[in-house]
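Everything on this sheet refers to the single structure shown next.
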Amino acid sequence: MIAAIVAEYRKYFSTRMWWVMLLIAFGYLALISAGMAFLFDFALDQAEFGEIISSLFELAPVIYSMAASIGYLFPLLVGVVSVTTEYRNQTITPTFLAEPRRWVVLLAKLISSVSLGLVYGVVSVLGCVLAGGGTLKLLGYPMALGQSETWEMIGRSVLALVIWTIVGVGAGVLLKNQIAAIIVILAIVQFIEPMLQMIPAITGTSLKFLGYLPGAAGEAIVGGGMMTGMASSGGDNIILTMGGGISVLLAYGLICAVVGYFTTFRRDVS
Amino acid sequence: MLEVSHLTKQFGHLKAVDDLSFQVQPSRVTGFLGPNGAGKTTTLRMALGLIRATAGTVTFDGQPYHQLPKPMSHVGAALEASSFHPGRTARNHLLFLAPSVGASKQRCDEVLELVGLGAVAKKRVKGFSLGMRGRLSLAATLLGDPQFLLLDEPTNGLDPEGIAWMRGLMRHLASEGRTILISSHLLSEVQQTVDDVIIIAQGKMVHSSPLTELDKMAVTRSIVTVSQPETLVTIAGHFGWQLQTDPTQPDSFIITGPSARDIGHACFTAGVEIYQLAQRHEGLEEIFLSLTEGRGGVR
Ligand SMILES: Nc1ncnc2c1ncn2[C@@H]1O[C@H](COP(=O)(O)OP(=O)(O)OP(=O)(O)O)[C@@H](O)[C@H]1O
Ligand SMILES: [Mg+2]
């Protein structure tokens, strides 16, 4: 088992994929979080009770949680590609020759993806703290790095990103074909789910199940975000607890992995 | 010993491998031959657990592949498809296999040197030629110093020097007591390397023997032109020779079976004048072709 996990690490870190995607994640989140800090500042200046609002919630943790609520796409895709690239380049053949017990390979992929997710989590949060937090400081708000709430939020963001990586691996195992997997994943999280989450705001009904969709579950881990914000605007707050978010999102990853194991992963490799 | 027993693979309506049984002996190089689509690659993939057999088993010293502890240290396999990530270096390709084999980093460098890729160890596979990829596949099979080697068309893409080198390496590895199976669709390609041959066509066993016995299966053919063809037909009938008219030369016959000497003697005794008599001994490749005749091609 340990050999299979080491093999997975060596595969991750011997191609460019991991650091190219990591750089993009860092840059993108730095840009978005800094922009968001400006936007908040602008909005608070406009509001009549700006100072009162800003005393109600801390800006910094919200900015830092964007690492998870927006940046989840990067570890998700890296997770997907870590599996599909094996089929695309047929390295799945030597992988299965080295470890013919396929469940061991699958487990090794899931376990090793945790560390990959940690790397993405830490670097993504770093992007938000450095750029978003730095901008806040420039604008005269606290970076709040001395507060435990901030560190809690940072921890939750990293955790969410780790779980998103696992979801990626599960989806990759299930879908196997790289192009198809990327298209399906992007369609679900960037198009289908956001559309569904808009229903309550439009119709004014509250739909509990929306909280169980993957994006919403991911946001529940950091306490909120765009999807759950939209869905809850129609009435009841549909957001899950942090524990609920963790369980639901993890379940997506593991169910995909198990179903994928029985449908595609055990198939003939030729 | 590698033992294949009643191995069968059904792909939809197609029986790619059909109740195939054979043994591959240690200290020998065995050629696994058959025309395109005969089922060679499918057989090898089943032996390695990559394809699930519809029926039958393959064992290595009694154990199926997936039950061998650290299988790559017992069985080294190189399959025809090039299975490398183009962005990974040759050395890193071996390094990711190393933990499961129990091979050290030095061992990776060692086998890269052995296959002649030492100079490009840190180059991405993307820039490798077909022959270099073949060598890298071979390096991966040797990583665990295995007792069994299964190589699917190992000479693919190799230059003449590379083929000669591969030949020497196979002979050397067999002399160390290893069991080596190499597939090819050309007998002439492996003729100088192998001790035994296993020939399959359409998934079925056609012939299995030492190479020397295959040679004995050669049939002698002679071209004869005589003054009295009718008498020659009578003589052939008398001795039970197989006689055909030669489509390329009118009034000439091809006789299968007897030596030119026997034909000459019989004609002389019967008072038939000979204008032409030439004997042709069949080459191994022709024997191979006649064994798989009409059973090649894509099904
Ligand atoms: N995954 C598959 N699905 C359906 N048919 C297959 C599959 N793999 C192989 N076949 C068929 O099985 C037969 C045997 O193929 P195989 O690749 O084993 O032949 P081969 O002896 O290796 O031929 P070659 O010399 O061309 O490499 C062929 O007719 C092929 O079309
Ligand atoms: Mg083949």
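Residue numbering restarts at 1 in every chain; chains get A, B, ... in the order shown in the structure tokens, and ligands count up from 1 in that same order.
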
Expected selection as a PyMOL selection string for ligand 1 within 7 Å, only C-alpha atoms and all ligand atoms: (chain A and resi 270) or (chain B and resi 11-12+14+16+34-43+184-185+298-299)

Would you mind exporting the chosen residues as an mmCIF file, in the first residue's frame, restricted to N, CA, C and O atoms?
```
data_model
loop_
_atom_site.group_PDB
_atom_site.id
_atom_site.type_symbol
_atom_site.label_atom_id
_atom_site.label_comp_id
_atom_site.auth_asym_id
_atom_site.auth_seq_id
_atom_site.Cartn_x
_atom_site.Cartn_y
_atom_site.Cartn_z
ATOM 1 N N SER A 270 -6.777 -2.372 -22.575
ATOM 2 C CA SER A 270 -6.138 -2.852 -23.804
ATOM 3 C C SER A 270 -5.901 -1.718 -24.790
ATOM 4 O O SER A 270 -6.220 -0.590 -24.524
ATOM 5 N N PHE B 11 -14.423 -11.367 -27.265
ATOM 6 C CA PHE B 11 -14.766 -9.940 -27.386
ATOM 7 C C PHE B 11 -16.056 -9.877 -28.192
ATOM 8 O O PHE B 11 -16.019 -9.974 -29.420
ATOM 9 N N GLY B 12 -17.166 -9.758 -27.549
ATOM 10 C CA GLY B 12 -18.426 -9.760 -28.293
ATOM 11 C C GLY B 12 -18.574 -11.075 -29.033
ATOM 12 O O GLY B 12 -18.565 -12.147 -28.425
ATOM 13 N N LEU B 14 -16.392 -12.118 -31.240
ATOM 14 C CA LEU B 14 -15.086 -12.583 -31.676
ATOM 15 C C LEU B 14 -14.351 -13.350 -30.576
ATOM 16 O O LEU B 14 -14.187 -12.846 -29.463
ATOM 17 N N ALA B 16 -11.105 -13.927 -29.598
ATOM 18 C CA ALA B 16 -9.759 -13.453 -29.903
ATOM 19 C C ALA B 16 -8.728 -14.500 -29.523
ATOM 20 O O ALA B 16 -7.707 -14.665 -30.185
ATOM 21 N N GLY B 34 2.471 -15.283 -34.758
ATOM 22 C CA GLY B 34 1.148 -15.359 -35.373
ATOM 23 C C GLY B 34 0.918 -14.120 -36.204
ATOM 24 O O GLY B 34 1.518 -13.081 -35.934
ATOM 25 N N PRO B 35 0.055 -14.224 -37.199
ATOM 26 C CA PRO B 35 -0.211 -13.053 -38.029
ATOM 27 C C PRO B 35 -0.946 -11.959 -37.247
ATOM 28 O O PRO B 35 -1.360 -12.192 -36.122
ATOM 29 N N ASN B 36 -1.094 -10.790 -37.840
ATOM 30 C CA ASN B 36 -1.808 -9.688 -37.190
ATOM 31 C C ASN B 36 -3.186 -10.164 -36.743
ATOM 32 O O ASN B 36 -3.884 -10.848 -37.489
ATOM 33 N N GLY B 37 -3.545 -9.804 -35.538
ATOM 34 C CA GLY B 37 -4.877 -10.160 -35.050
ATOM 35 C C GLY B 37 -4.993 -11.595 -34.575
ATOM 36 O O GLY B 37 -6.087 -12.074 -34.282
ATOM 37 N N ALA B 38 -3.872 -12.304 -34.467
ATOM 38 C CA ALA B 38 -3.920 -13.711 -34.058
ATOM 39 C C ALA B 38 -4.307 -13.872 -32.592
ATOM 40 O O ALA B 38 -4.818 -14.912 -32.189
ATOM 41 N N GLY B 39 -4.041 -12.826 -31.798
ATOM 42 C CA GLY B 39 -4.383 -12.900 -30.377
ATOM 43 C C GLY B 39 -3.171 -12.897 -29.456
ATOM 44 O O GLY B 39 -3.291 -13.188 -28.270
ATOM 45 N N LYS B 40 -2.017 -12.521 -29.997
ATOM 46 C CA LYS B 40 -0.798 -12.525 -29.190
ATOM 47 C C LYS B 40 -0.881 -11.503 -28.058
ATOM 48 O O LYS B 40 -0.663 -11.839 -26.883
ATOM 49 N N THR B 41 -1.179 -10.261 -28.419
ATOM 50 C CA THR B 41 -1.231 -9.211 -27.403
ATOM 51 C C THR B 41 -2.326 -9.507 -26.378
ATOM 52 O O THR B 41 -2.120 -9.331 -25.173
ATOM 53 N N THR B 42 -3.460 -9.993 -26.855
ATOM 54 C CA THR B 42 -4.562 -10.312 -25.944
ATOM 55 C C THR B 42 -4.116 -11.389 -24.947
ATOM 56 O O THR B 42 -4.390 -11.292 -23.750
ATOM 57 N N THR B 43 -3.392 -12.397 -25.438
ATOM 58 C CA THR B 43 -2.893 -13.456 -24.552
ATOM 59 C C THR B 43 -1.957 -12.877 -23.490
ATOM 60 O O THR B 43 -2.091 -13.174 -22.297
ATOM 61 N N SER B 184 6.023 -11.894 -32.061
ATOM 62 C CA SER B 184 6.349 -11.259 -33.327
ATOM 63 C C SER B 184 5.389 -11.785 -34.383
ATOM 64 O O SER B 184 4.816 -12.849 -34.206
ATOM 65 N N HIS B 185 5.192 -11.023 -35.457
ATOM 66 C CA HIS B 185 4.398 -11.601 -36.532
ATOM 67 C C HIS B 185 5.289 -12.062 -37.681
ATOM 68 O O HIS B 185 4.817 -12.483 -38.715
ATOM 69 N N VAL B 298 -7.163 -9.353 -40.400
ATOM 70 C CA VAL B 298 -7.957 -8.826 -39.311
ATOM 71 C C VAL B 298 -9.332 -9.467 -39.370
ATOM 72 O O VAL B 298 -9.924 -9.593 -40.431
ATOM 73 N N ARG B 299 -9.774 -9.927 -38.198
ATOM 74 C CA ARG B 299 -11.071 -10.591 -38.169
ATOM 75 C C ARG B 299 -12.163 -9.613 -37.788
ATOM 76 O O ARG B 299 -11.948 -8.711 -37.011
#
```

Chain B contacts on chain A, only C-alpha atoms, 12 Å, as a PyMOL selection string: chain A and resi 1-17+82+84-102+104-105+265-270

Residue set, region 111-235 of chain B restricted to strand (DSSP E or B), as a PyMOL selection string: chain B and resi 124+148-152+179-184+196-201+204-210+220-226

Pull C-alpha atoms from the residues just selected and write them as a PDB file, in the first residue's frame.
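Writing the result to selection_5.pdb gives the following:
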```pdb
ATOM      1  CA  ARG B 124      11.131  14.093 -21.457  1.00  0.00           C
ATOM      2  CA  PHE B 148      10.076 -14.052 -16.473  1.00  0.00           C
ATOM      3  CA  LEU B 149      10.130 -11.677 -19.408  1.00  0.00           C
ATOM      4  CA  LEU B 150       7.150 -11.140 -21.691  1.00  0.00           C
ATOM      5  CA  LEU B 151       7.931  -8.851 -24.581  1.00  0.00           C
ATOM      6  CA  ASP B 152       5.388  -7.889 -27.211  1.00  0.00           C
ATOM      7  CA  THR B 179      11.965 -17.696 -18.986  1.00  0.00           C
ATOM      8  CA  ILE B 180      11.567 -15.437 -21.985  1.00  0.00           C
ATOM      9  CA  LEU B 181       8.600 -15.077 -24.322  1.00  0.00           C
ATOM     10  CA  ILE B 182       8.819 -12.675 -27.240  1.00  0.00           C
ATOM     11  CA  SER B 183       6.002 -12.110 -29.682  1.00  0.00           C
ATOM     12  CA  SER B 184       6.349 -11.259 -33.327  1.00  0.00           C
ATOM     13  CA  ASP B 196      11.262 -22.660 -29.188  1.00  0.00           C
ATOM     14  CA  VAL B 197       8.335 -21.455 -31.227  1.00  0.00           C
ATOM     15  CA  ILE B 198       4.654 -21.240 -30.444  1.00  0.00           C
ATOM     16  CA  ILE B 199       2.578 -20.353 -33.456  1.00  0.00           C
ATOM     17  CA  ILE B 200      -1.026 -19.255 -33.173  1.00  0.00           C
ATOM     18  CA  ALA B 201      -3.596 -18.124 -35.702  1.00  0.00           C
ATOM     19  CA  LYS B 204      -5.828 -21.078 -31.731  1.00  0.00           C
ATOM     20  CA  MET B 205      -2.622 -23.046 -31.362  1.00  0.00           C
ATOM     21  CA  VAL B 206      -1.196 -24.053 -34.727  1.00  0.00           C
ATOM     22  CA  HIS B 207       2.210 -25.353 -33.837  1.00  0.00           C
ATOM     23  CA  SER B 208       4.499 -25.593 -30.836  1.00  0.00           C
ATOM     24  CA  SER B 209       7.964 -27.099 -30.853  1.00  0.00           C
ATOM     25  CA  PRO B 210      11.666 -26.344 -30.673  1.00  0.00           C
ATOM     26  CA  THR B 220      10.837 -30.306 -50.541  1.00  0.00           C
ATOM     27  CA  ARG B 221       9.539 -29.008 -53.814  1.00  0.00           C
ATOM     28  CA  SER B 222      11.049 -29.534 -57.229  1.00  0.00           C
ATOM     29  CA  ILE B 223      10.315 -28.034 -60.590  1.00  0.00           C
ATOM     30  CA  VAL B 224      10.488 -30.546 -63.431  1.00  0.00           C
ATOM     31  CA  THR B 225      10.148 -30.230 -67.182  1.00  0.00           C
ATOM     32  CA  VAL B 226      10.243 -33.496 -69.173  1.00  0.00           C
TER      33      VAL B 226
END
```

Nearest candidate to Pro250 (chain B) (options B:Glu286, B:Pro229, B:Arg167, B:Glu161; using only C-alpha atoms): B:Pro229

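Of the residues under consideration (A:Tyr72, A:Phe209, A:Phe26, A:Trp18), A:Tyr72 shows the shortest atom-to-atom contact distance to Leu186 (chain A) when counting only C-alpha atoms.
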
With a distance cut-off of 12 Å and only C-alpha atoms, select the neighbouring residues of Gly140 (chain A), excluding the residue or stretch itself and same-chain residues fewer than 3 positions from it, and output the selection as a PDB file with N, CA, C and O atoms, in the first residue's frame.
```pdb
ATOM      1  N   ALA A  37     -11.600  42.819  -2.173  1.00  0.00           N
ATOM      2  CA  ALA A  37     -11.319  43.724  -1.060  1.00  0.00           C
ATOM      3  C   ALA A  37     -11.655  45.172  -1.460  1.00  0.00           C
ATOM      4  O   ALA A  37     -12.282  45.912  -0.695  1.00  0.00           O
ATOM      5  N   PHE A  38     -11.293  45.544  -2.671  1.00  0.00           N
ATOM      6  CA  PHE A  38     -11.633  46.887  -3.179  1.00  0.00           C
ATOM      7  C   PHE A  38     -13.141  47.072  -3.241  1.00  0.00           C
ATOM      8  O   PHE A  38     -13.680  48.110  -2.863  1.00  0.00           O
ATOM      9  N   ASP A  41     -14.701  47.544   0.089  1.00  0.00           N
ATOM     10  CA  ASP A  41     -14.365  48.881   0.582  1.00  0.00           C
ATOM     11  C   ASP A  41     -15.274  49.920  -0.057  1.00  0.00           C
ATOM     12  O   ASP A  41     -15.848  50.780   0.605  1.00  0.00           O
ATOM     13  N   LEU A  59     -14.281  41.468   7.627  1.00  0.00           N
ATOM     14  CA  LEU A  59     -14.039  41.334   6.195  1.00  0.00           C
ATOM     15  C   LEU A  59     -12.994  40.256   5.897  1.00  0.00           C
ATOM     16  O   LEU A  59     -13.158  39.439   5.001  1.00  0.00           O
ATOM     17  N   ALA A  60     -11.922  40.274   6.682  1.00  0.00           N
ATOM     18  CA  ALA A  60     -10.773  39.411   6.357  1.00  0.00           C
ATOM     19  C   ALA A  60     -11.124  37.930   6.190  1.00  0.00           C
ATOM     20  O   ALA A  60     -10.822  37.343   5.151  1.00  0.00           O
ATOM     21  N   GLY A 133      -5.741  40.085   1.770  1.00  0.00           N
ATOM     22  CA  GLY A 133      -5.464  40.649   3.087  1.00  0.00           C
ATOM     23  C   GLY A 133      -4.598  41.895   2.974  1.00  0.00           C
ATOM     24  O   GLY A 133      -4.840  42.901   3.647  1.00  0.00           O
ATOM     25  N   GLY A 134      -3.598  41.809   2.095  1.00  0.00           N
ATOM     26  CA  GLY A 134      -2.710  42.957   1.891  1.00  0.00           C
ATOM     27  C   GLY A 134      -3.488  44.173   1.413  1.00  0.00           C
ATOM     28  O   GLY A 134      -3.264  45.305   1.895  1.00  0.00           O
ATOM     29  N   THR A 135      -4.427  43.953   0.503  1.00  0.00           N
ATOM     30  CA  THR A 135      -5.238  45.058   0.000  1.00  0.00           C
ATOM     31  C   THR A 135      -6.100  45.652   1.119  1.00  0.00           C
ATOM     32  O   THR A 135      -6.210  46.877   1.254  1.00  0.00           O
ATOM     33  N   LEU A 136      -6.672  44.778   1.931  1.00  0.00           N
ATOM     34  CA  LEU A 136      -7.473  45.247   3.070  1.00  0.00           C
ATOM     35  C   LEU A 136      -6.640  46.180   3.946  1.00  0.00           C
ATOM     36  O   LEU A 136      -7.080  47.248   4.352  1.00  0.00           O
ATOM     37  N   LYS A 137      -5.402  45.745   4.193  1.00  0.00           N
ATOM     38  CA  LYS A 137      -4.517  46.512   5.054  1.00  0.00           C
ATOM     39  C   LYS A 137      -4.241  47.882   4.446  1.00  0.00           C
ATOM     40  O   LYS A 137      -4.301  48.916   5.128  1.00  0.00           O
ATOM     41  N   MET A 143      -6.058  42.944   8.962  1.00  0.00           N
ATOM     42  CA  MET A 143      -5.849  41.646   8.315  1.00  0.00           C
ATOM     43  C   MET A 143      -6.322  40.525   9.224  1.00  0.00           C
ATOM     44  O   MET A 143      -6.510  39.391   8.772  1.00  0.00           O
ATOM     45  N   ALA A 144      -6.489  40.843  10.465  1.00  0.00           N
ATOM     46  CA  ALA A 144      -7.079  39.935  11.452  1.00  0.00           C
ATOM     47  C   ALA A 144      -6.339  38.622  11.611  1.00  0.00           C
ATOM     48  O   ALA A 144      -6.945  37.598  11.919  1.00  0.00           O
TER      49      ALA A 144
END
```

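We find CA of Leu214 (chain B) and CA of Leu284 (chain B) to be spaced 7.3 Å apart.
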
Atom-to-atom span, CA of Gly243 (chain A) and CA of Gln190 (chain A), Å: 23.8 Å

All residues 12 Å or closer to Ala251 (chain A), only C-alpha atoms, same chain fewer than 6 positions away omitted, as a list in words: Ile163, Trp164, Ile166, Val167, Gly170, Ala171, Tyr212, Leu213, Pro214, Ala217, Gly218, Gly244, Gly245, Ala257, Val258 and Val259 of chain A

Among region 185-235 of chain B, which residues does DSSP mark as alpha helix (DSSP H) when it is run on the backbone? Keep the chain and numbering as in the structure and answer as an mmCIF file with N, CA, C and O atoms, in the first residue's frame.
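The resulting file, out.cif, is shown below:
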```cif
data_model
loop_
_atom_site.group_PDB
_atom_site.id
_atom_site.type_symbol
_atom_site.label_atom_id
_atom_site.label_comp_id
_atom_site.auth_asym_id
_atom_site.auth_seq_id
_atom_site.Cartn_x
_atom_site.Cartn_y
_atom_site.Cartn_z
ATOM 1 N N LEU B 187 8.546 -14.635 -38.353
ATOM 2 C CA LEU B 187 9.464 -15.625 -37.800
ATOM 3 C C LEU B 187 10.910 -15.192 -38.041
ATOM 4 O O LEU B 187 11.764 -15.311 -37.167
ATOM 5 N N SER B 188 11.145 -14.654 -39.244
ATOM 6 C CA SER B 188 12.524 -14.307 -39.597
ATOM 7 C C SER B 188 13.118 -13.287 -38.617
ATOM 8 O O SER B 188 14.320 -13.247 -38.402
ATOM 9 N N GLU B 189 12.225 -12.498 -37.993
ATOM 10 C CA GLU B 189 12.697 -11.458 -37.087
ATOM 11 C C GLU B 189 13.285 -12.040 -35.800
ATOM 12 O O GLU B 189 14.170 -11.444 -35.189
ATOM 13 N N VAL B 190 12.745 -13.194 -35.383
ATOM 14 C CA VAL B 190 13.181 -13.761 -34.112
ATOM 15 C C VAL B 190 13.931 -15.077 -34.282
ATOM 16 O O VAL B 190 14.430 -15.647 -33.327
ATOM 17 N N LEU B 211 12.579 -24.822 -32.310
ATOM 18 C CA LEU B 211 12.756 -24.258 -33.650
ATOM 19 C C LEU B 211 13.303 -25.315 -34.615
ATOM 20 O O LEU B 211 12.913 -25.379 -35.777
ATOM 21 N N THR B 212 14.207 -26.178 -34.090
ATOM 22 C CA THR B 212 14.830 -27.185 -34.945
ATOM 23 C C THR B 212 13.808 -28.150 -35.536
ATOM 24 O O THR B 212 13.960 -28.623 -36.653
ATOM 25 N N GLU B 213 12.741 -28.412 -34.775
ATOM 26 C CA GLU B 213 11.724 -29.323 -35.299
ATOM 27 C C GLU B 213 10.873 -28.664 -36.363
ATOM 28 O O GLU B 213 10.334 -29.328 -37.239
ATOM 29 N N LEU B 214 10.765 -27.368 -36.237
ATOM 30 C CA LEU B 214 9.995 -26.645 -37.250
ATOM 31 C C LEU B 214 10.702 -26.804 -38.594
ATOM 32 O O LEU B 214 10.073 -26.979 -39.633
ATOM 33 N N ASP B 215 12.020 -26.782 -38.519
ATOM 34 C CA ASP B 215 12.836 -26.921 -39.724
ATOM 35 C C ASP B 215 12.544 -28.260 -40.414
ATOM 36 O O ASP B 215 12.504 -28.348 -41.630
ATOM 37 N N LYS B 216 12.319 -29.282 -39.585
ATOM 38 C CA LYS B 216 12.060 -30.612 -40.141
ATOM 39 C C LYS B 216 10.737 -30.681 -40.886
ATOM 40 O O LYS B 216 10.504 -31.595 -41.662
ATOM 41 N N PRO B 229 5.226 -35.590 -70.500
ATOM 42 C CA PRO B 229 4.511 -35.249 -69.262
ATOM 43 C C PRO B 229 3.584 -36.370 -68.792
ATOM 44 O O PRO B 229 3.485 -36.625 -67.587
ATOM 45 N N GLU B 230 2.921 -37.086 -69.717
ATOM 46 C CA GLU B 230 1.963 -38.131 -69.313
ATOM 47 C C GLU B 230 2.663 -39.214 -68.506
ATOM 48 O O GLU B 230 2.144 -39.696 -67.499
ATOM 49 N N THR B 231 3.873 -39.572 -68.915
ATOM 50 C CA THR B 231 4.613 -40.606 -68.199
ATOM 51 C C THR B 231 4.958 -40.120 -66.795
ATOM 52 O O THR B 231 4.892 -40.882 -65.826
ATOM 53 N N LEU B 232 5.304 -38.838 -66.706
ATOM 54 C CA LEU B 232 5.648 -38.279 -65.400
ATOM 55 C C LEU B 232 4.444 -38.370 -64.458
ATOM 56 O O LEU B 232 4.589 -38.699 -63.274
ATOM 57 N N VAL B 233 3.249 -38.102 -65.001
ATOM 58 C CA VAL B 233 2.035 -38.198 -64.178
ATOM 59 C C VAL B 233 1.859 -39.628 -63.679
ATOM 60 O O VAL B 233 1.536 -39.862 -62.505
ATOM 61 N N THR B 234 2.127 -40.589 -64.537
ATOM 62 C CA THR B 234 2.009 -41.991 -64.149
ATOM 63 C C THR B 234 3.015 -42.339 -63.056
ATOM 64 O O THR B 234 2.692 -42.981 -62.059
ATOM 65 N N ILE B 235 4.254 -41.849 -63.241
ATOM 66 C CA ILE B 235 5.303 -42.117 -62.235
ATOM 67 C C ILE B 235 4.900 -41.535 -60.886
ATOM 68 O O ILE B 235 4.980 -42.201 -59.850
#
```

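Across A:Met230, A:Gly223, A:Ile179, A:Gly172, the tightest approach to Leu196 (chain A) is made by A:Met230 when counting only C-alpha atoms.
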
Which residues are close to region 20-28 of chain B, i.e. within 7 Å by only C-alpha atoms, leaving aside same-chain residues fewer than 5 positions away? Reply as a tab-separated table (two decimals) with N, CA and C atoms, in the first residue's frame.
```
chain	number	residue	atom	x	y	z
B	1	MET	N	8.44	-21.86	-14.67
B	1	MET	CA	7.76	-22.14	-15.92
B	1	MET	C	6.49	-21.30	-16.06
B	2	LEU	N	6.28	-20.83	-17.27
B	2	LEU	CA	5.05	-20.09	-17.56
B	2	LEU	C	4.07	-21.06	-18.19
B	3	GLU	N	2.89	-21.13	-17.62
B	3	GLU	CA	1.92	-22.10	-18.11
B	3	GLU	C	0.60	-21.43	-18.47
B	4	VAL	N	0.22	-21.59	-19.72
B	4	VAL	CA	-1.05	-21.07	-20.20
B	4	VAL	C	-1.97	-22.26	-20.36
B	5	SER	N	-3.15	-22.17	-19.78
B	5	SER	CA	-4.01	-23.35	-19.78
B	5	SER	C	-5.45	-23.01	-20.15
B	6	HIS	N	-5.88	-23.52	-21.27
B	6	HIS	CA	-7.25	-23.35	-21.78
B	6	HIS	C	-7.69	-21.90	-21.79
B	7	LEU	N	-6.78	-21.03	-22.16
B	7	LEU	CA	-7.07	-19.60	-22.12
B	7	LEU	C	-8.01	-19.20	-23.26
B	8	THR	N	-9.04	-18.45	-22.90
B	8	THR	CA	-10.04	-18.03	-23.89
B	8	THR	C	-10.43	-16.59	-23.62
B	174	ALA	N	18.47	-15.45	-21.08
B	174	ALA	CA	18.02	-16.85	-21.05
B	174	ALA	C	19.11	-17.74	-20.45
B	175	SER	N	20.36	-17.41	-20.77
B	175	SER	CA	21.46	-18.25	-20.27
B	175	SER	C	21.55	-18.14	-18.75
B	176	GLU	N	20.96	-17.08	-18.19
B	176	GLU	CA	20.95	-16.95	-16.73
B	176	GLU	C	19.79	-17.72	-16.11
B	177	GLY	N	19.05	-18.44	-16.94
B	177	GLY	CA	17.99	-19.29	-16.41
B	177	GLY	C	16.60	-18.67	-16.45
B	178	ARG	N	16.48	-17.52	-17.11
B	178	ARG	CA	15.16	-16.88	-17.14
B	178	ARG	C	14.25	-17.48	-18.21
B	179	THR	N	12.97	-17.21	-18.04
B	179	THR	CA	11.96	-17.70	-18.99
B	179	THR	C	11.56	-16.51	-19.85
B	180	ILE	N	11.78	-16.60	-21.14
B	180	ILE	CA	11.57	-15.44	-21.98
B	180	ILE	C	10.60	-15.75	-23.13
B	195	ASP	N	14.68	-20.35	-29.17
B	195	ASP	CA	14.95	-21.78	-29.09
B	195	ASP	C	13.68	-22.55	-29.45
B	204	LYS	N	-6.03	-19.65	-32.01
B	204	LYS	CA	-5.83	-21.08	-31.73
B	204	LYS	C	-4.37	-21.48	-31.95
B	205	MET	N	-3.96	-22.50	-31.20
B	205	MET	CA	-2.62	-23.05	-31.36
B	205	MET	C	-2.50	-23.72	-32.72
```

Spatial neighbours of Arg135 (chain B), max dist 12 Å, only C-alpha atoms, sep filter under 3 positions, as a PyMOL selection string: chain B and resi 78-80+82+90+111-118+120-121+125+128-132+138-142+151+153-159+162-163+165-166+169

Close residues, Gly121 (chain A) itself excluded, 12 Å, only C-alpha atoms, min 3 positions apart in chain, as number ranges by chain: A: 22, 25-26, 29, 64-76, 113-118, 124-128, 153-165
